[in-house]
>>> print(open('start-v8.cif').read())   # mmCIF, C-alpha atoms
data_model
#
loop_
_atom_site.label_atom_id
_atom_site.label_comp_id
_atom_site.auth_asym_id
_atom_site.auth_seq_id
_atom_site.Cartn_x
_atom_site.Cartn_y
_atom_site.Cartn_z
CA MET A 1 -22.95 -9.97 17.65
CA ILE A 2 -20.24 -7.33 17.42
CA ARG A 3 -20.83 -3.64 17.03
CA THR A 4 -17.94 -1.74 15.40
CA LEU A 5 -17.14 1.87 16.20
CA ILE A 6 -14.66 4.04 14.31
CA ALA A 7 -12.85 7.18 15.48
CA HIS A 8 -9.94 9.26 14.22
CA THR A 9 -7.97 12.41 14.95
CA SER A 10 -5.30 14.50 13.28
CA GLU A 11 -4.57 16.42 16.49
CA ILE A 12 -0.96 15.65 17.45
CA ASP A 13 0.17 18.52 19.66
CA ASP A 14 -2.83 19.22 21.89
CA ILE A 15 -3.03 15.82 23.55
CA GLU A 16 -6.06 16.64 25.69
CA LEU A 17 -7.98 17.74 22.62
CA ALA A 18 -6.92 14.56 20.78
CA ALA A 19 -8.27 12.37 23.57
CA GLN A 20 -11.48 14.39 23.74
CA GLU A 21 -12.04 14.10 19.99
CA ILE A 22 -11.77 10.31 20.15
CA ARG A 23 -14.13 10.05 23.13
CA ASP A 24 -16.63 12.41 21.51
CA GLN A 25 -16.76 10.24 18.39
CA LEU A 26 -17.02 6.96 20.33
CA GLN A 27 -19.38 8.14 23.07
CA PRO A 28 -18.35 5.12 25.16
CA GLN A 29 -20.94 5.56 27.92
CA GLU A 30 -23.72 5.30 25.34
CA HIS A 31 -22.32 2.79 22.83
CA LEU A 32 -20.09 0.31 24.64
CA ARG A 33 -21.48 -3.11 25.48
CA LYS A 34 -20.28 -5.66 28.03
CA ASN A 35 -16.95 -6.48 26.30
CA SER A 36 -14.81 -4.11 24.25
CA VAL A 37 -11.35 -3.86 22.70
CA GLY A 38 -9.60 -1.34 20.45
CA ILE A 39 -7.41 -1.76 17.36
CA ILE A 40 -5.29 1.30 16.66
CA SER A 41 -3.04 2.69 13.93
CA CYS A 42 -1.15 5.96 13.99
CA HIS A 43 1.82 7.92 12.71
CA TYR A 44 4.82 7.87 15.04
CA GLU A 45 4.32 11.59 15.82
CA PHE A 46 1.39 10.59 18.05
CA VAL A 47 3.81 8.56 20.17
CA SER A 48 6.44 11.26 20.49
CA SER A 49 3.89 13.98 21.33
CA GLY A 50 2.18 11.92 24.03
CA ALA A 51 -1.18 11.99 22.22
CA LEU A 52 -1.28 8.21 21.83
CA LYS A 53 -0.82 7.64 25.54
CA ALA A 54 -3.41 10.27 26.45
CA ILE A 55 -5.98 8.74 24.10
CA CYS A 56 -5.48 5.19 25.38
CA GLU A 57 -5.61 6.33 29.01
CA ALA A 58 -8.99 7.96 28.28
CA LEU A 59 -10.49 4.69 27.04
CA PRO A 60 -12.05 2.02 29.31
CA PHE A 61 -10.69 -0.98 27.36
CA ASP A 62 -7.41 -2.45 26.10
CA VAL A 63 -5.98 -1.17 22.83
CA ALA A 64 -3.43 -2.83 20.51
CA GLY A 65 -2.04 -1.99 17.08
CA THR A 66 0.92 -0.53 15.26
CA ILE A 67 2.64 2.52 13.90
CA THR A 68 1.89 3.04 10.21
CA THR A 69 2.54 5.47 7.36
CA THR A 70 -0.86 5.97 5.73
CA GLN A 71 -4.32 4.97 6.87
CA ALA A 72 -8.01 5.36 6.18
CA VAL A 73 -11.45 5.04 7.74
CA ASN A 74 -14.86 5.61 6.15
CA ASP A 75 -14.76 9.39 6.10
CA THR A 76 -11.05 10.28 5.86
CA SER A 77 -7.60 9.15 4.80
CA GLY A 78 -4.13 10.56 5.33
CA THR A 79 -0.65 10.19 6.76
CA LEU A 80 -0.58 12.25 9.97
CA LEU A 81 -3.56 10.45 11.48
CA LEU A 82 -4.56 8.27 14.38
CA THR A 83 -7.40 5.85 13.65
CA LEU A 84 -9.17 3.57 16.08
CA MET A 85 -11.53 0.64 15.54
CA VAL A 86 -13.50 -0.49 18.59
CA LEU A 87 -15.15 -3.91 18.76
CA THR A 88 -17.85 -4.13 21.41
CA SER A 89 -20.25 -6.98 22.18
CA ASP A 90 -22.35 -8.70 24.81
CA ASP A 91 -21.76 -12.26 23.55
CA VAL A 92 -18.27 -12.01 22.01
CA SER A 93 -15.40 -11.51 24.46
CA PHE A 94 -11.79 -10.38 24.13
CA LYS A 95 -8.54 -11.20 25.89
CA THR A 96 -5.36 -9.25 25.23
CA ALA A 97 -1.68 -9.90 25.90
CA ARG A 98 1.75 -8.42 25.24
CA THR A 99 4.85 -10.59 24.92
CA SER A 100 8.21 -9.99 26.48
CA SER A 101 11.07 -9.18 24.10
CA LEU A 102 11.15 -11.27 20.93
CA LEU A 103 14.90 -10.81 20.55
CA SER A 104 15.43 -14.10 22.38
CA GLU A 105 13.32 -17.25 21.84
CA PRO A 106 10.31 -15.50 20.27
CA ALA A 107 8.18 -18.67 20.11
CA LYS A 108 8.49 -19.17 23.87
CA ALA A 109 7.69 -15.51 24.56
CA ILE A 110 4.56 -15.77 22.40
CA GLU A 111 3.47 -19.01 24.05
CA ARG A 112 3.81 -17.50 27.56
CA ALA A 113 1.78 -14.43 26.64
CA TYR A 114 -0.91 -16.48 24.91
CA ARG A 115 -1.29 -18.91 27.81
CA GLU A 116 -1.65 -16.05 30.29
CA ALA A 117 -4.38 -14.44 28.19
CA ALA A 118 -6.24 -17.69 27.48
CA ALA A 119 -5.89 -19.27 30.92
CA SER A 120 -9.49 -18.71 32.02
CA ILE A 121 -11.20 -19.84 28.79
CA PRO A 122 -11.24 -23.54 27.84
CA GLU A 123 -12.10 -23.25 24.14
CA ASN A 124 -9.91 -22.00 21.31
CA PRO A 125 -10.54 -18.46 20.06
CA ALA A 126 -12.62 -17.83 16.96
CA LEU A 127 -10.03 -15.30 15.77
CA VAL A 128 -6.63 -13.99 16.86
CA PHE A 129 -5.49 -10.49 15.95
CA MET A 130 -1.68 -10.12 15.94
CA PHE A 131 0.42 -6.92 16.00
CA ALA A 132 4.22 -6.86 16.05
CA ALA A 133 7.09 -4.44 15.69
CA PHE A 134 9.14 -4.64 12.49
CA MET A 135 12.42 -6.35 13.43
CA ILE A 136 15.21 -7.28 11.03
CA GLU A 137 16.33 -9.91 13.56
CA ASN A 138 13.18 -12.04 13.06
CA PHE A 139 10.85 -13.09 10.29
CA GLY A 140 7.09 -13.00 10.64
CA ASP A 141 6.51 -16.66 9.76
CA SER A 142 7.88 -17.69 13.15
CA TYR A 143 5.28 -15.52 14.90
CA VAL A 144 2.45 -16.96 12.82
CA ASP A 145 3.59 -20.54 13.34
CA ALA A 146 3.84 -20.04 17.11
CA VAL A 147 0.35 -18.58 17.47
CA THR A 148 -1.20 -21.14 15.11
CA LYS A 149 0.26 -23.98 17.16
CA ILE A 150 -0.66 -22.70 20.60
CA SER A 151 -4.18 -21.58 19.54
CA GLY A 152 -5.17 -24.93 18.08
CA GLY A 153 -5.18 -23.57 14.54
CA ALA A 154 -7.32 -20.48 15.12
CA PRO A 155 -7.39 -18.04 12.18
CA CYS A 156 -4.81 -15.28 12.64
CA PHE A 157 -4.99 -11.81 11.16
CA GLY A 158 -2.70 -8.86 11.69
CA THR A 159 0.30 -6.79 10.73
CA LEU A 160 3.88 -5.80 11.37
CA ALA A 161 4.43 -2.11 11.98
CA ILE A 162 5.91 0.21 9.37
CA ASP A 163 6.95 3.86 9.57
CA ASP A 164 8.26 6.45 7.14
CA SER A 165 11.88 6.57 8.30
CA ALA A 166 14.60 5.36 5.90
CA ASP A 167 15.54 2.38 8.10
CA PHE A 168 12.12 1.81 9.73
CA HIS A 169 13.53 2.57 13.19
CA ASP A 170 10.18 3.90 14.43
CA SER A 171 8.18 0.81 13.45
CA TYR A 172 6.67 0.15 16.86
CA MET A 173 3.92 -2.10 18.12
CA ILE A 174 1.35 -0.36 20.34
CA TYR A 175 -0.23 -1.79 23.48
CA ASP A 176 -2.35 0.26 25.90
CA GLY A 177 -0.72 3.55 24.94
CA GLU A 178 2.90 2.37 25.06
CA ALA A 179 5.11 1.74 22.02
CA TYR A 180 7.36 -1.33 21.89
CA ARG A 181 10.23 -1.98 19.49
CA ASP A 182 10.65 -5.73 20.09
CA CYS A 183 7.29 -7.13 21.24
CA LEU A 184 4.06 -8.58 19.89
CA ALA A 185 0.48 -8.00 21.03
CA LEU A 186 -2.44 -10.41 20.77
CA ILE A 187 -6.20 -9.94 20.84
CA LEU A 188 -7.98 -13.27 21.34
CA VAL A 189 -11.62 -13.17 20.21
CA TYR A 190 -14.06 -15.72 21.69
CA GLY A 191 -17.68 -16.44 20.90
CA PRO A 192 -20.07 -16.65 17.95
CA LEU A 193 -17.92 -15.18 15.19
CA ALA A 194 -17.18 -16.51 11.69
CA PRO A 195 -14.66 -14.14 10.09
CA LYS A 196 -13.96 -14.21 6.35
CA PHE A 197 -10.64 -13.31 4.75
CA TYR A 198 -9.64 -11.90 1.36
CA ILE A 199 -6.16 -11.47 -0.12
CA ALA A 200 -4.91 -9.56 -3.16
CA THR A 201 -1.37 -9.65 -4.53
CA PHE A 202 -1.05 -9.15 -8.28
CA SER A 203 -2.81 -10.44 -11.37
CA GLU A 204 -1.82 -13.75 -12.94
CA ASP A 205 -0.81 -12.05 -16.18
CA LYS A 206 1.81 -10.12 -14.20
CA LEU A 207 3.79 -13.30 -13.49
CA ILE A 208 7.01 -13.81 -15.43
CA ASP A 209 6.76 -17.27 -16.96
CA LYS A 210 10.08 -18.63 -15.75
CA ALA A 211 9.44 -20.71 -12.65
CA ALA A 212 12.27 -21.94 -10.46
CA LEU A 213 12.49 -24.53 -7.71
CA ILE A 214 14.03 -23.37 -4.43
CA THR A 215 16.86 -25.82 -3.78
CA ALA A 216 18.91 -23.96 -1.17
CA ALA A 217 17.56 -21.67 1.53
CA GLU A 218 17.86 -20.98 5.24
CA ASN A 219 14.73 -19.45 6.76
CA HIS A 220 14.40 -16.07 4.99
CA ILE A 221 17.72 -16.33 3.08
CA LEU A 222 17.36 -17.59 -0.50
CA LYS A 223 20.60 -19.17 -1.69
CA GLY A 224 19.91 -21.26 -4.77
CA VAL A 225 17.30 -22.30 -7.32
CA ASN A 226 17.19 -25.21 -9.72
CA GLY A 227 20.34 -26.59 -8.12
CA ARG A 228 22.38 -23.51 -9.06
CA PRO A 229 23.41 -20.28 -7.27
CA LEU A 230 20.72 -17.63 -7.03
CA MET A 231 22.67 -15.05 -9.03
CA GLU A 232 22.60 -17.31 -12.07
CA TYR A 233 18.79 -17.21 -11.91
CA PHE A 234 18.85 -13.40 -11.70
CA GLU A 235 21.28 -13.27 -14.61
CA SER A 236 18.96 -15.43 -16.73
CA LEU A 237 16.24 -12.84 -16.15
CA GLY A 238 18.51 -9.87 -16.76
CA LEU A 239 18.21 -8.81 -13.12
CA ALA A 240 21.75 -9.27 -11.83
CA LYS A 241 22.42 -5.52 -11.62
CA ALA A 242 18.96 -4.69 -10.30
CA SER A 243 19.39 -7.20 -7.48
CA GLU A 244 22.38 -5.23 -6.20
CA THR A 245 19.95 -2.48 -5.16
CA GLY A 246 17.02 -3.64 -3.06
CA TYR A 247 14.86 -0.66 -4.06
CA ALA A 248 15.20 -1.57 -7.74
CA MET A 249 13.47 -4.89 -7.00
CA THR A 250 10.51 -3.39 -5.13
CA SER A 251 8.29 -3.67 -8.20
CA LEU A 252 9.39 -7.28 -8.86
CA PRO A 253 8.03 -9.39 -5.99
CA PHE A 254 8.47 -13.13 -5.61
CA MET A 255 5.48 -15.47 -5.63
CA LEU A 256 5.80 -18.76 -3.74
CA ASP A 257 3.83 -21.93 -4.40
CA TYR A 258 4.29 -24.34 -1.50
CA GLY A 259 3.09 -27.22 -3.66
CA ASP A 260 0.63 -28.39 -1.00
CA GLY A 261 -2.58 -27.21 -2.61
CA THR A 262 -2.70 -23.92 -0.70
CA PRO A 263 -2.80 -20.60 -2.59
CA PRO A 264 0.57 -19.01 -3.45
CA ILE A 265 1.88 -16.21 -1.27
CA SER A 266 4.05 -13.20 -2.03
CA ARG A 267 7.51 -12.29 -0.76
CA VAL A 268 9.52 -9.06 -0.78
CA PHE A 269 13.17 -9.06 -1.84
CA ILE A 270 15.06 -6.84 0.62
CA GLY A 271 18.61 -7.11 -0.72
CA LEU A 272 21.69 -9.27 -1.10
CA ASN A 273 24.00 -10.29 1.73
CA GLU A 274 27.77 -10.54 1.45
CA ASP A 275 27.46 -14.02 -0.07
CA LYS A 276 25.15 -12.80 -2.86
CA HIS A 277 22.19 -14.58 -1.27
CA ALA A 278 18.79 -12.88 -1.23
CA ILE A 279 17.46 -11.56 2.06
CA CYS A 280 13.67 -11.82 1.94
CA ALA A 281 10.96 -10.53 4.26
CA GLY A 282 9.67 -14.01 5.06
CA ILE A 283 10.61 -17.66 5.01
CA MET A 284 11.71 -19.16 1.66
CA PRO A 285 11.11 -22.92 2.03
CA GLU A 286 13.17 -25.39 0.06
CA GLY A 287 10.98 -27.32 -2.38
CA ALA A 288 8.67 -24.39 -3.06
CA THR A 289 8.25 -23.07 -6.59
CA LEU A 290 9.37 -19.48 -7.13
CA TYR A 291 7.90 -17.05 -9.64
CA LEU A 292 8.72 -13.41 -10.27
CA GLY A 293 5.97 -10.88 -10.73
CA ILE A 294 5.64 -7.30 -11.94
CA PHE A 295 4.11 -4.74 -9.60
CA ASP A 296 2.61 -1.48 -10.90
CA LYS A 297 0.06 1.13 -9.85
CA GLU A 298 -2.70 -0.03 -12.20
CA ASP A 299 -2.52 -3.63 -11.02
CA VAL A 300 -2.37 -2.65 -7.35
CA LEU A 301 -5.61 -0.71 -7.72
CA LEU A 302 -7.22 -3.41 -9.87
CA THR A 303 -6.51 -6.25 -7.43
CA THR A 304 -7.51 -4.15 -4.42
CA ARG A 305 -10.83 -3.25 -6.04
CA GLU A 306 -11.53 -6.89 -6.88
CA ALA A 307 -10.81 -8.04 -3.31
CA VAL A 308 -13.03 -5.37 -1.76
CA LYS A 309 -15.89 -6.10 -4.15
CA GLU A 310 -15.66 -9.82 -3.42
CA ALA A 311 -15.78 -9.13 0.32
CA LEU A 312 -18.76 -6.81 0.02
CA GLN A 313 -20.71 -9.49 -1.84
CA ALA A 314 -20.40 -11.66 1.28
CA ALA A 315 -20.97 -8.85 3.78
CA GLU A 316 -24.58 -9.50 4.72
CA GLY A 317 -24.78 -9.58 8.50
CA ALA A 318 -21.17 -8.43 8.93
CA SER A 319 -20.17 -5.86 11.53
CA GLY A 320 -16.95 -4.39 10.19
CA VAL A 321 -13.86 -4.63 8.01
CA LEU A 322 -10.19 -4.46 9.00
CA ILE A 323 -7.62 -4.05 6.22
CA TYR A 324 -3.83 -4.02 6.00
CA SER A 325 -1.88 -3.36 2.82
CA CYS A 326 1.85 -3.87 2.27
CA ILE A 327 3.99 -0.75 2.13
CA ALA A 328 5.41 -2.12 -1.15
CA ARG A 329 1.96 -1.65 -2.70
CA ASN A 330 2.00 1.97 -1.57
CA MET A 331 5.49 2.44 -3.01
CA SER A 332 4.16 1.26 -6.38
CA LEU A 333 1.53 4.02 -6.57
CA SER A 334 3.83 6.48 -8.39
CA GLY A 335 3.66 9.04 -5.61
CA SER A 336 -0.14 8.86 -5.24
CA VAL A 337 0.16 7.66 -1.66
CA LEU A 338 -3.59 7.86 -0.96
CA ALA A 339 -4.77 6.21 -4.19
CA GLU A 340 -5.36 2.73 -2.75
CA ALA A 341 -6.80 4.01 0.52
CA ASP A 342 -9.18 6.35 -1.27
CA LEU A 343 -10.25 3.58 -3.62
CA VAL A 344 -11.19 1.46 -0.59
CA ARG A 345 -13.13 4.37 0.88
CA ARG A 346 -15.10 4.80 -2.35
CA GLU A 347 -15.84 1.10 -2.69
CA ILE A 348 -16.96 0.54 0.92
CA GLY A 349 -18.58 3.93 1.41
CA ALA A 350 -20.97 3.78 4.36
CA THR A 351 -21.74 0.08 3.88
CA LEU A 352 -19.65 -1.08 6.86
CA PRO A 353 -17.32 0.53 9.40
CA PHE A 354 -13.74 -0.06 8.26
CA MET A 355 -10.16 0.79 9.10
CA MET A 356 -7.17 0.38 6.78
CA ALA A 357 -3.45 0.85 7.46
CA TYR A 358 -0.19 0.11 5.70
CA SER A 359 1.94 -2.78 6.84
CA GLY A 360 5.49 -4.09 7.11
CA GLY A 361 4.23 -7.68 6.74
CA GLU A 362 0.73 -9.11 6.56
CA ILE A 363 -0.78 -12.01 8.55
CA CYS A 364 -3.83 -13.71 7.07
CA PRO A 365 -5.17 -17.23 6.51
CA THR A 366 -5.10 -18.58 2.98
CA GLN A 367 -7.56 -21.38 3.79
CA ILE A 368 -9.95 -22.24 6.61
CA THR A 369 -11.40 -25.68 7.27
CA LYS A 370 -13.86 -26.69 9.97
CA ASP A 371 -10.91 -27.82 12.12
CA SER A 372 -8.25 -25.15 11.65
CA ALA A 373 -6.87 -22.34 9.54
CA ILE A 374 -3.80 -22.35 7.33
CA ASN A 375 -2.26 -19.09 8.50
CA ARG A 376 0.44 -17.44 6.40
CA PHE A 377 2.78 -14.49 6.64
CA HIS A 378 2.62 -12.38 3.47
CA ASN A 379 4.45 -9.56 1.73
CA ASN A 380 3.14 -7.37 -1.09
CA ALA A 381 -0.38 -8.30 -0.01
CA PHE A 382 -3.65 -6.52 0.56
CA ILE A 383 -5.47 -8.44 3.30
CA LEU A 384 -9.05 -7.95 4.47
CA CYS A 385 -10.88 -9.41 7.46
CA LEU A 386 -14.68 -9.28 7.32
CA PHE A 387 -16.32 -10.02 10.66
#
>>> encode(input="start-v8.cif", output="structure tokens")
Amino acid sequence: MIRTLIAHTSEIDDIELAAQEIRDQLQPQEHLRKNSVGIISCHYEFVSSGALKAICEALPFDVAGTITTTQAVNDTSGTLLLTLMVLTSDDVSFKTARTSSLLSEPAKAIERAYREAAASIPENPALVFMFAAFMIENFGDSYVDAVTKISGGAPCFGTLAIDDSADFHDSYMIYDGEAYRDCLALILVYGPLAPKFYIATFSEDKLIDKAALITAAENHILKGVNGRPLMEYFESLGLAKASETGYAMTSLPFMLDYGDGTPPISRVFIGLNEDKHAICAGIMPEGATLYLGIFDKEDVLLTTREAVKEALQAAEGASGVLIYSCIARNMSLSGSVLAEADLVRREIGATLPFMMAYSGGEICPTQITKDSAINRFHNNAFILCLF
């Protein structure tokens, strides 16, 4: 059984006060059980001021997470915040790890870190939380595939960092009070735990009914569909000019059907390279079917509400909720940056402790069998882990 504690602070400059506020809310001497771990989200200002480091040094357990733009917990939401979710238990245990740089051979770096963390425990974890920096050099699918393989198919849930700079240069991963620009952190969860996962993208009626088969691609670079160059597909949809500006395509996400019976996943179009090929924020596998969708504020809020309500219907006996939502969803809120976060706060209320943060890429299973999980890297998604 896990007990979930939530704390937050908006104190950036007085780092001693920030640490004291977090400890006062957690009351660790009274509430912590045998095993504990922290999941953290904060604005980059908490890194630069030293408040993040002071807070983590004041806590008697490991902490991992990411920089974010906007976040929420049960009783507040905002941008210049630090939020912390603490999982504590007598019968569920936690192992944490940080990789070396992912700039070279990321799969090997992830495998080394995982093996070090899992060395003393023979069974596979019941859940793996993953947190990584946002790096244009890599795509998140490779991280998910590496952890899925080495963990024996354990369900994986997590996020890539995102910040509010124009080029996302402050999108750091956090591990024990330090911020890393090219690393990944893992929390391995062992014991009697059966997490449930919920995903929202956009409504079916928001799909443009002009499917295309991916016939030429290289990892996250989409080159051709239906046996023809990609730009001809964009031209057929009247999107040739829009595709020249990545921002213009933010509200028109791709939907991918792998054709293997698993639910479709969403992809963000980042821009065109010099060859007029699409750079996407995740792998674009040849043979998958591609759809284009329409993203707007009303549908973002509708699909988020539906996902939260579905999760709450299955929440009996649950201990907490962790949520990540794609920054593209936030960008579709017509300037109402807190609309989705505040909707989640209203829907969950005081039912369960929760933490929500915005994401540069979402990690969540689409299916779970008794043997393993089908873990996917998503864009444009609202993902929820009920545990």
>>> closest_residue(input="start-v8.cif", among="A:Ala54, A:Ile283, A:Ile348, A:Met255", to="Lys206 (chain A)", atoms="only C-alpha atoms")
A:Met255
>>> residues_around(input="start-v8.cif", residues="Ile279 (chain A)", least_positions_apart="4", cutoff="6 Å", atoms="all atoms listed in the file", output="ChimeraX atom specification")
/A:221,270-272
>>> resolve_selection(input="start-v8.cif", expression="the PyMOL selection byres ((chain A and resi 147) around 10)", output="ChimeraX atom specification")
/A:107,110-111,114,128,130,142-146,148-156,186,375
>>> closest_residue(input="start-v8.cif", among="A:Thr366, A:Glu204, A:Gly259, A:Ile214", to="Ile294 (chain A)", atoms="only C-alpha atoms")
A:Glu204
>>> resolve_selection(input="start-v8.cif", expression="the PyMOL selection byres ((chain A and resi 37-49) around 9)", output="PyMOL selection string")
chain A and resi 11-15+35-36+50-53+59-71+79-88+93-96+163-164+170-172+174+177-179+187+355-357
>>> closest_residue(input="start-v8.cif", among="A:Ala58, A:Ala373, A:Val300, A:Ala211", to="Asp257 (chain A)", atoms="only C-alpha atoms")
A:Ala211
>>> atom_distance(input="start-v8.cif", atom1="CA of Thr201 (chain A)", atom2="CA of Ala381 (chain A)")
4.8 Å
>>> closest_residue(input="start-v8.cif", among="A:Leu290, A:Ser203, A:Cys364, A:Thr351", to="Thr304 (chain A)", atoms="all atoms listed in the file")
A:Ser203
>>> closest_residue(input="start-v8.cif", among="A:Lys276, A:Arg346, A:Arg33, A:His378", to="Ser325 (chain A)", atoms="only C-alpha atoms")
A:His378
>>> resolve_selection(input="start-v8.cif", expression="the PyMOL selection byres ((chain A and resi 297) around 8)", output="number ranges by chain")
A: 295-296, 298-301, 329, 332-334
>>> residues_around(input="start-v8.cif", residues="Pro106 (chain A)", least_positions_apart="2", cutoff="12 Å", atoms="only C-alpha atoms", output="ChimeraX atom specification")
/A:99-104,108-113,132,135,137-147,182-184
>>> closest_residue(input="start-v8.cif", among="A:Glu316, A:Glu244, A:Glu116, A:Glu306", to="Phe202 (chain A)", atoms="all atoms listed in the file")
A:Glu306
>>> atom_distance(input="start-v8.cif", atom1="CA of Arg305 (chain A)", atom2="CA of Leu127 (chain A)")
24.9 Å
>>> residues_near_point(input="start-v8.cif", point="(-10.3, 11.2, 16.7)", cutoff="6 Å", atoms="only C-alpha atoms", output="PyMOL selection string")
chain A and resi 7-9+21-22
>>> atom_distance(input="start-v8.cif", atom1="CA of Val321 (chain A)", atom2="CA of Tyr175 (chain A)")
20.8 Å
>>> build_atoms(input="start-v8.cif", residues="region 129-136 of chain A", atoms="all heavy atoms", output="PDB file, in the frame of the given file")
ATOM      1  N   PHE A 129      -6.141 -11.632  16.566  1.00  0.00           N
ATOM      2  CA  PHE A 129      -5.490 -10.490  15.950  1.00  0.00           C
ATOM      3  C   PHE A 129      -4.054 -10.412  16.474  1.00  0.00           C
ATOM      4  O   PHE A 129      -3.822 -10.561  17.685  1.00  0.00           O
ATOM      5  CB  PHE A 129      -6.220  -9.187  16.269  1.00  0.00           C
ATOM      6  CG  PHE A 129      -7.566  -9.050  15.618  1.00  0.00           C
ATOM      7  CD1 PHE A 129      -8.725  -9.038  16.374  1.00  0.00           C
ATOM      8  CD2 PHE A 129      -7.673  -8.920  14.237  1.00  0.00           C
ATOM      9  CE1 PHE A 129      -9.971  -8.900  15.781  1.00  0.00           C
ATOM     10  CE2 PHE A 129      -8.922  -8.787  13.628  1.00  0.00           C
ATOM     11  CZ  PHE A 129     -10.072  -8.774  14.401  1.00  0.00           C
ATOM     12  N   MET A 130      -3.088 -10.166  15.577  1.00  0.00           N
ATOM     13  CA  MET A 130      -1.680 -10.120  15.940  1.00  0.00           C
ATOM     14  C   MET A 130      -1.066  -8.807  15.464  1.00  0.00           C
ATOM     15  O   MET A 130      -1.302  -8.375  14.332  1.00  0.00           O
ATOM     16  CB  MET A 130      -0.915 -11.285  15.295  1.00  0.00           C
ATOM     17  CG  MET A 130      -1.401 -12.653  15.679  1.00  0.00           C
ATOM     18  SD  MET A 130      -0.587 -13.965  14.719  1.00  0.00           S
ATOM     19  CE  MET A 130       1.147 -13.666  15.085  1.00  0.00           C
ATOM     20  N   PHE A 131      -0.250  -8.182  16.332  1.00  0.00           N
ATOM     21  CA  PHE A 131       0.420  -6.920  16.000  1.00  0.00           C
ATOM     22  C   PHE A 131       1.851  -6.986  16.517  1.00  0.00           C
ATOM     23  O   PHE A 131       2.057  -7.235  17.708  1.00  0.00           O
ATOM     24  CB  PHE A 131      -0.310  -5.738  16.632  1.00  0.00           C
ATOM     25  CG  PHE A 131      -1.791  -5.741  16.359  1.00  0.00           C
ATOM     26  CD1 PHE A 131      -2.683  -6.238  17.304  1.00  0.00           C
ATOM     27  CD2 PHE A 131      -2.289  -5.277  15.155  1.00  0.00           C
ATOM     28  CE1 PHE A 131      -4.036  -6.253  17.060  1.00  0.00           C
ATOM     29  CE2 PHE A 131      -3.650  -5.296  14.895  1.00  0.00           C
ATOM     30  CZ  PHE A 131      -4.528  -5.785  15.850  1.00  0.00           C
ATOM     31  N   ALA A 132       2.827  -6.753  15.642  1.00  0.00           N
ATOM     32  CA  ALA A 132       4.220  -6.860  16.050  1.00  0.00           C
ATOM     33  C   ALA A 132       5.032  -5.699  15.506  1.00  0.00           C
ATOM     34  O   ALA A 132       4.684  -5.103  14.478  1.00  0.00           O
ATOM     35  CB  ALA A 132       4.822  -8.183  15.567  1.00  0.00           C
ATOM     36  N   ALA A 133       6.121  -5.402  16.201  1.00  0.00           N
ATOM     37  CA  ALA A 133       7.090  -4.440  15.690  1.00  0.00           C
ATOM     38  C   ALA A 133       7.805  -5.041  14.479  1.00  0.00           C
ATOM     39  O   ALA A 133       7.883  -6.259  14.321  1.00  0.00           O
ATOM     40  CB  ALA A 133       8.097  -4.085  16.776  1.00  0.00           C
ATOM     41  N   PHE A 134       8.330  -4.184  13.619  1.00  0.00           N
ATOM     42  CA  PHE A 134       9.140  -4.640  12.490  1.00  0.00           C
ATOM     43  C   PHE A 134      10.572  -4.810  12.986  1.00  0.00           C
ATOM     44  O   PHE A 134      11.201  -3.861  13.441  1.00  0.00           O
ATOM     45  CB  PHE A 134       9.092  -3.615  11.358  1.00  0.00           C
ATOM     46  CG  PHE A 134       9.858  -4.016  10.128  1.00  0.00           C
ATOM     47  CD1 PHE A 134       9.233  -4.700   9.105  1.00  0.00           C
ATOM     48  CD2 PHE A 134      11.201  -3.699   9.995  1.00  0.00           C
ATOM     49  CE1 PHE A 134       9.927  -5.068   7.968  1.00  0.00           C
ATOM     50  CE2 PHE A 134      11.913  -4.069   8.864  1.00  0.00           C
ATOM     51  CZ  PHE A 134      11.277  -4.756   7.846  1.00  0.00           C
ATOM     52  N   MET A 135      11.084  -6.036  12.912  1.00  0.00           N
ATOM     53  CA  MET A 135      12.420  -6.350  13.430  1.00  0.00           C
ATOM     54  C   MET A 135      13.212  -7.099  12.373  1.00  0.00           C
ATOM     55  O   MET A 135      12.773  -8.143  11.884  1.00  0.00           O
ATOM     56  CB  MET A 135      12.308  -7.221  14.691  1.00  0.00           C
ATOM     57  CG  MET A 135      11.547  -6.598  15.829  1.00  0.00           C
ATOM     58  SD  MET A 135      11.198  -7.794  17.156  1.00  0.00           S
ATOM     59  CE  MET A 135      12.889  -8.279  17.603  1.00  0.00           C
ATOM     60  N   ILE A 136      14.381  -6.592  12.024  1.00  0.00           N
ATOM     61  CA  ILE A 136      15.210  -7.280  11.030  1.00  0.00           C
ATOM     62  C   ILE A 136      15.781  -8.575  11.601  1.00  0.00           C
ATOM     63  O   ILE A 136      16.222  -9.445  10.860  1.00  0.00           O
ATOM     64  CB  ILE A 136      16.341  -6.380  10.520  1.00  0.00           C
ATOM     65  CG1 ILE A 136      17.260  -5.939  11.684  1.00  0.00           C
ATOM     66  CG2 ILE A 136      15.778  -5.156   9.797  1.00  0.00           C
ATOM     67  CD1 ILE A 136      18.509  -5.212  11.228  1.00  0.00           C
TER      68      ILE A 136
END
